[in-house]
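Here's the structure, in structure tokens; my notes come after.
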Amino acid sequence: MDFSHVELSAEDQAFRDDTRAFIAKHVTDDVLHRQLEFGENFDERVHLALGEAGYLASDWKLESEGGFSPVRRRIFHLEIARAHTPWYHWGTTSVVARLVWQFGAPELADKVVPGVLSGEIRLCLGYTEPEGGSDVATCKTRAVRDGDAWVINGSKMFTSNAQNARYVFLLTNTDPQGPKHRNLTMFLVPLDSPGVEIQGIRTLDGDRTNIVYYSDVRVDDLYRIGEVNGGWTVMRAALDSEHGIVNPEDHGLQYIAAMAAHGDLMAEVVDAVAAAVAQPGADGRRPLDDDSVKYRLGRDVARMEAALSTPGMFGRVAVAQTMRDVTPDLMDILGTASALPTETPGSATDGAAEHLYRLALPLGIYGGTLEVFRNMIAQHQLKLGRPSYGG
């Protein structure tokens, strides 16, 4: 692992400065307050501005296609994250857009991708079902062929950003009697179709997700992505990206694990706690002068640094598990004021530790539970074979 400092060229420094000025202009206090209030991880005005300025297209394209260089991509992602920009759903949109480009009909790709890059079209995922949990292959949402169209019935849970999206990347069962993983078909379903109902759900960390119902939703075969009953092949490409199972790039500037950006948020909170306990209280003493506080904070920092340096699926687990383990400690170090949320008078670190505590639990579920990832590590990385749940 290379921890060397990257020297920026004059052009890259100018890009960084321009990006910071753009973010300062668009990611205002009002934007951050709306995110705190509604938890959508999305702001349309910011997203459209990113598209108009060319940031979305440059982030989506490879460097050979006119996209960001590795250095500029890293600069862009770091500056976006440091400003707490509500744009997490761009990751989903960009992955699905690439699958549409790869597996969809050219006519559909030409219809969707330009709007994605301008920011006008957003995409979301329709995988998990209310009774299915992390095993998406148990899909019961049915798609039945009717001439040149399909009729879809079912429901999907945790369809985040559906309320702001134009299309959902929907997993369906097109052959209930067929073998598992060979009876699935993917569609890009317009969310303004008759029969689609979106209901919002708030999660523990204050974010909004959705349950979406599909009642006799009719879509043209044009919107099918990949072969009939070949949906698992298409979906695996999406899951590999979401899980961080991708070939590492050799420049060393990319995030080394899925959810690593959330690890940066954890580092920010740890730094805030360290700064808070280094301040003297009314009696002139600093909490950091207590050996117990010093030991516990040092242990939390060491665990955090280890998690942030762990690659691949291992890092996905390490970041989420470490966040779950250190946040109660951070709140205890700060004292009772750490239980007060952001924008509450008297809250420690303006509620940063409290929010991280609430984020830690769902972070171990997003994109698959930690238990699923541990099984994947055991099977695919450590070659331990499939787990047995027999009595």
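Every chain in the structure tokens has a letter given in the order shown (A, B, ...), and although residue numbers restart at 1 in each chain, ligands are simply numbered from 1 in the order shown.
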
Lys294 of chain A surroundings by only C-alpha atoms, 12 Å radius, close-in-sequence under 6 positions cut, as number ranges by chain: A: 273-274, 277-278, 286-288, 300-301, 329-330, 333

At a cut-off of 9 Å, using only C-alpha atoms, what residues contact Phe103 of chain A? Leave out same-chain residues fewer than 2 positions from it and give the result as a list in words.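 After dropping sequence-adjacent residues, the list is Arg98, Leu99, Val100, Trp101, Ala105, Pro106, Ile225, Gly226, Glu227 and Val234 of chain A.
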
If DSSP is run on the backbone, what residues of segment 144-375 of chain A are strand (DSSP E)? A reply as a ChimeraX atom specification would be ideal. /A:144-146,149-157,167-173,184-190,196-202,208-220,224-225

Interatomic distance (Å, one decimal) between atom CA of Arg224 of chain A and atom CA of Phe187 of chain A: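 Pair atom CA of Arg224 of chain A / atom CA of Phe187 of chain A returns 4.4 Å.
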
Residues flagged helix (DSSP H, G or I) by DSSP in segment 49-215 of chain A, as JSON, numbers by chain: {"A": [49, 50, 51, 52, 55, 56, 57, 58, 59, 60, 63, 64, 65, 70, 71, 72, 73, 74, 75, 76, 77, 78, 79, 80, 81, 82, 89, 90, 91, 92, 93, 94, 95, 96, 97, 98, 99, 100, 101, 102, 103, 106, 107, 108, 109, 110, 111, 112, 113, 114, 115, 116, 117, 118, 136, 137, 138, 162, 163, 164]}

Can you pull out the residues contacting Leu78 of chain A? Cut-off 12 Å, using only C-alpha atoms, and skip same-chain residues under 4 positions away; I want them as a short mmCIF file (atom, residue, chain, number, x, y, z; two decimals) with N, CA and C atoms, in the first residue's frame.
```cif
data_model
loop_
_atom_site.label_atom_id
_atom_site.label_comp_id
_atom_site.auth_asym_id
_atom_site.auth_seq_id
_atom_site.Cartn_x
_atom_site.Cartn_y
_atom_site.Cartn_z
N ARG A 16 -9.15 21.54 -8.67
CA ARG A 16 -9.56 21.43 -7.26
C ARG A 16 -10.18 22.73 -6.77
N THR A 19 -13.58 23.21 -8.30
CA THR A 19 -14.55 22.28 -7.72
C THR A 19 -14.99 22.75 -6.33
N ARG A 20 -14.04 23.22 -5.54
CA ARG A 20 -14.39 23.73 -4.21
C ARG A 20 -15.31 24.95 -4.33
N ILE A 23 -18.82 23.72 -5.28
CA ILE A 23 -19.51 23.09 -4.14
C ILE A 23 -19.94 24.14 -3.13
N VAL A 71 -6.53 11.20 -10.83
CA VAL A 71 -6.29 12.26 -9.84
C VAL A 71 -7.51 13.16 -9.72
N ARG A 72 -8.08 13.57 -10.84
CA ARG A 72 -9.24 14.47 -10.77
C ARG A 72 -10.47 13.75 -10.22
N ARG A 73 -10.61 12.47 -10.51
CA ARG A 73 -11.73 11.71 -9.94
C ARG A 73 -11.61 11.67 -8.42
N ARG A 74 -10.39 11.45 -7.94
CA ARG A 74 -10.17 11.40 -6.49
C ARG A 74 -10.44 12.77 -5.86
N ARG A 82 -16.39 15.82 1.56
CA ARG A 82 -16.04 16.73 2.66
C ARG A 82 -17.12 17.79 2.88
N ALA A 83 -17.86 18.11 1.82
CA ALA A 83 -18.94 19.09 1.94
C ALA A 83 -20.26 18.46 2.36
N HIS A 84 -20.26 17.12 2.57
CA HIS A 84 -21.49 16.39 2.92
C HIS A 84 -22.57 16.57 1.85
N THR A 85 -22.14 16.63 0.61
CA THR A 85 -23.07 16.82 -0.50
C THR A 85 -24.08 15.67 -0.55
N LEU A 253 -5.59 5.37 -6.35
CA LEU A 253 -6.29 6.57 -5.93
C LEU A 253 -7.78 6.34 -5.66
N GLN A 254 -8.29 5.18 -6.02
CA GLN A 254 -9.70 4.91 -5.84
C GLN A 254 -9.97 4.48 -4.39
N TYR A 255 -11.25 4.54 -3.99
CA TYR A 255 -11.63 3.94 -2.72
C TYR A 255 -11.33 2.45 -2.78
N ALA A 260 -16.38 2.81 1.70
CA ALA A 260 -15.22 3.49 2.27
C ALA A 260 -15.48 4.98 2.49
N ALA A 261 -16.39 5.57 1.68
CA ALA A 261 -16.72 6.97 1.89
C ALA A 261 -17.39 7.17 3.25
N HIS A 262 -18.14 6.18 3.70
CA HIS A 262 -18.72 6.26 5.04
C HIS A 262 -17.62 6.15 6.10
N ASP A 264 -14.76 7.57 5.73
CA ASP A 264 -14.26 8.94 5.83
C ASP A 264 -15.13 9.76 6.78
N LEU A 265 -16.44 9.52 6.75
CA LEU A 265 -17.34 10.21 7.67
C LEU A 265 -17.02 9.82 9.11
#
```

If you count only C-alpha atoms, which residues fall within 12 Å of Gly115 of chain A, apart from same-chain ones fewer than 6 positions away, as a ChimeraX atom specification? /A:47-48,51-52,56-57,93-94,97,108-109,121-123,165-167

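Neighbouring residues of segment 212-214 of chain A at 9 Å or closer, counting only C-alpha atoms and skipping chain neighbours under 5 positions away, are Gly126, Thr141, Ile152, Asn153, Gly154, Ser155, Lys156, Met157, Phe158, Thr159, Ala162, Pro194, Gly195, Val196, Glu197, Ile198, Gln199 and Gly200 of chain A.
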
Output file for the residues above (C-alpha atoms, as a compact mmCIF listing (two decimals), in the first residue's frame):
```txt
# COMPACT_ATOMS: atom_id res chain seq x y z
CA GLY A 126 -35.66 -2.69 -7.21
CA THR A 141 -42.32 -10.16 -8.28
CA ILE A 152 -45.55 -6.85 -13.71
CA ASN A 153 -47.03 -7.53 -10.27
CA GLY A 154 -45.31 -7.53 -6.90
CA SER A 155 -43.55 -5.27 -4.43
CA LYS A 156 -40.03 -4.18 -3.57
CA MET A 157 -38.57 -2.95 -0.29
CA PHE A 158 -35.74 -0.42 0.27
CA THR A 159 -36.07 1.21 -3.15
CA ALA A 162 -37.62 6.09 -6.06
CA PRO A 194 -49.88 3.30 -14.20
CA GLY A 195 -49.96 0.81 -11.34
CA VAL A 196 -46.77 1.98 -9.60
CA GLU A 197 -47.24 3.19 -6.01
CA ILE A 198 -44.34 4.58 -3.95
CA GLN A 199 -44.59 4.77 -0.15
CA GLY A 200 -41.87 6.43 1.91
```

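The protein and nucleic acid residues lying at most 8 Å from Asp43 of chain A are Val31, Gln35, Glu40, Asn41, Arg45, Val46, His47, Pro86 and Trp87 of chain A, with only C-alpha atoms considered and sequence neighbours fewer than 2 positions away removed.
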
Residue with the minimum atom-to-atom distance to Pro114 of chain A, picked from A:Leu171, A:Leu204, A:Gly54, A:Gln177 with only C-alpha atoms counted, is A:Gly54

Of the listed residues A:Ala378, A:Val293, A:Val116, A:Ala267, that which approaches His89 of chain A most closely, counting only C-alpha atoms: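 For His89 of chain A, the nearest of the given residues is A:Val116.
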
Could you give me, as a ChimeraX atom specification, the residues within 9 Å of Leu361 of chain A, counting only C-alpha atoms and dropping anything in the same chain fewer than 5 positions from it? /A:204-205,320-321,323-324

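The closest residue to Gly91 of chain A, picked from A:Lys180, A:Ala238, A:Glu131, A:Asp207 and counting only C-alpha atoms, is A:Ala238.
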
What's the separation between atom CA of Pro176 of chain A and atom CA of Asp216 of chain A, in Å to one decimal place?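 Atom-to-atom, atom CA of Pro176 of chain A and atom CA of Asp216 of chain A are spaced 17.4 Å apart.
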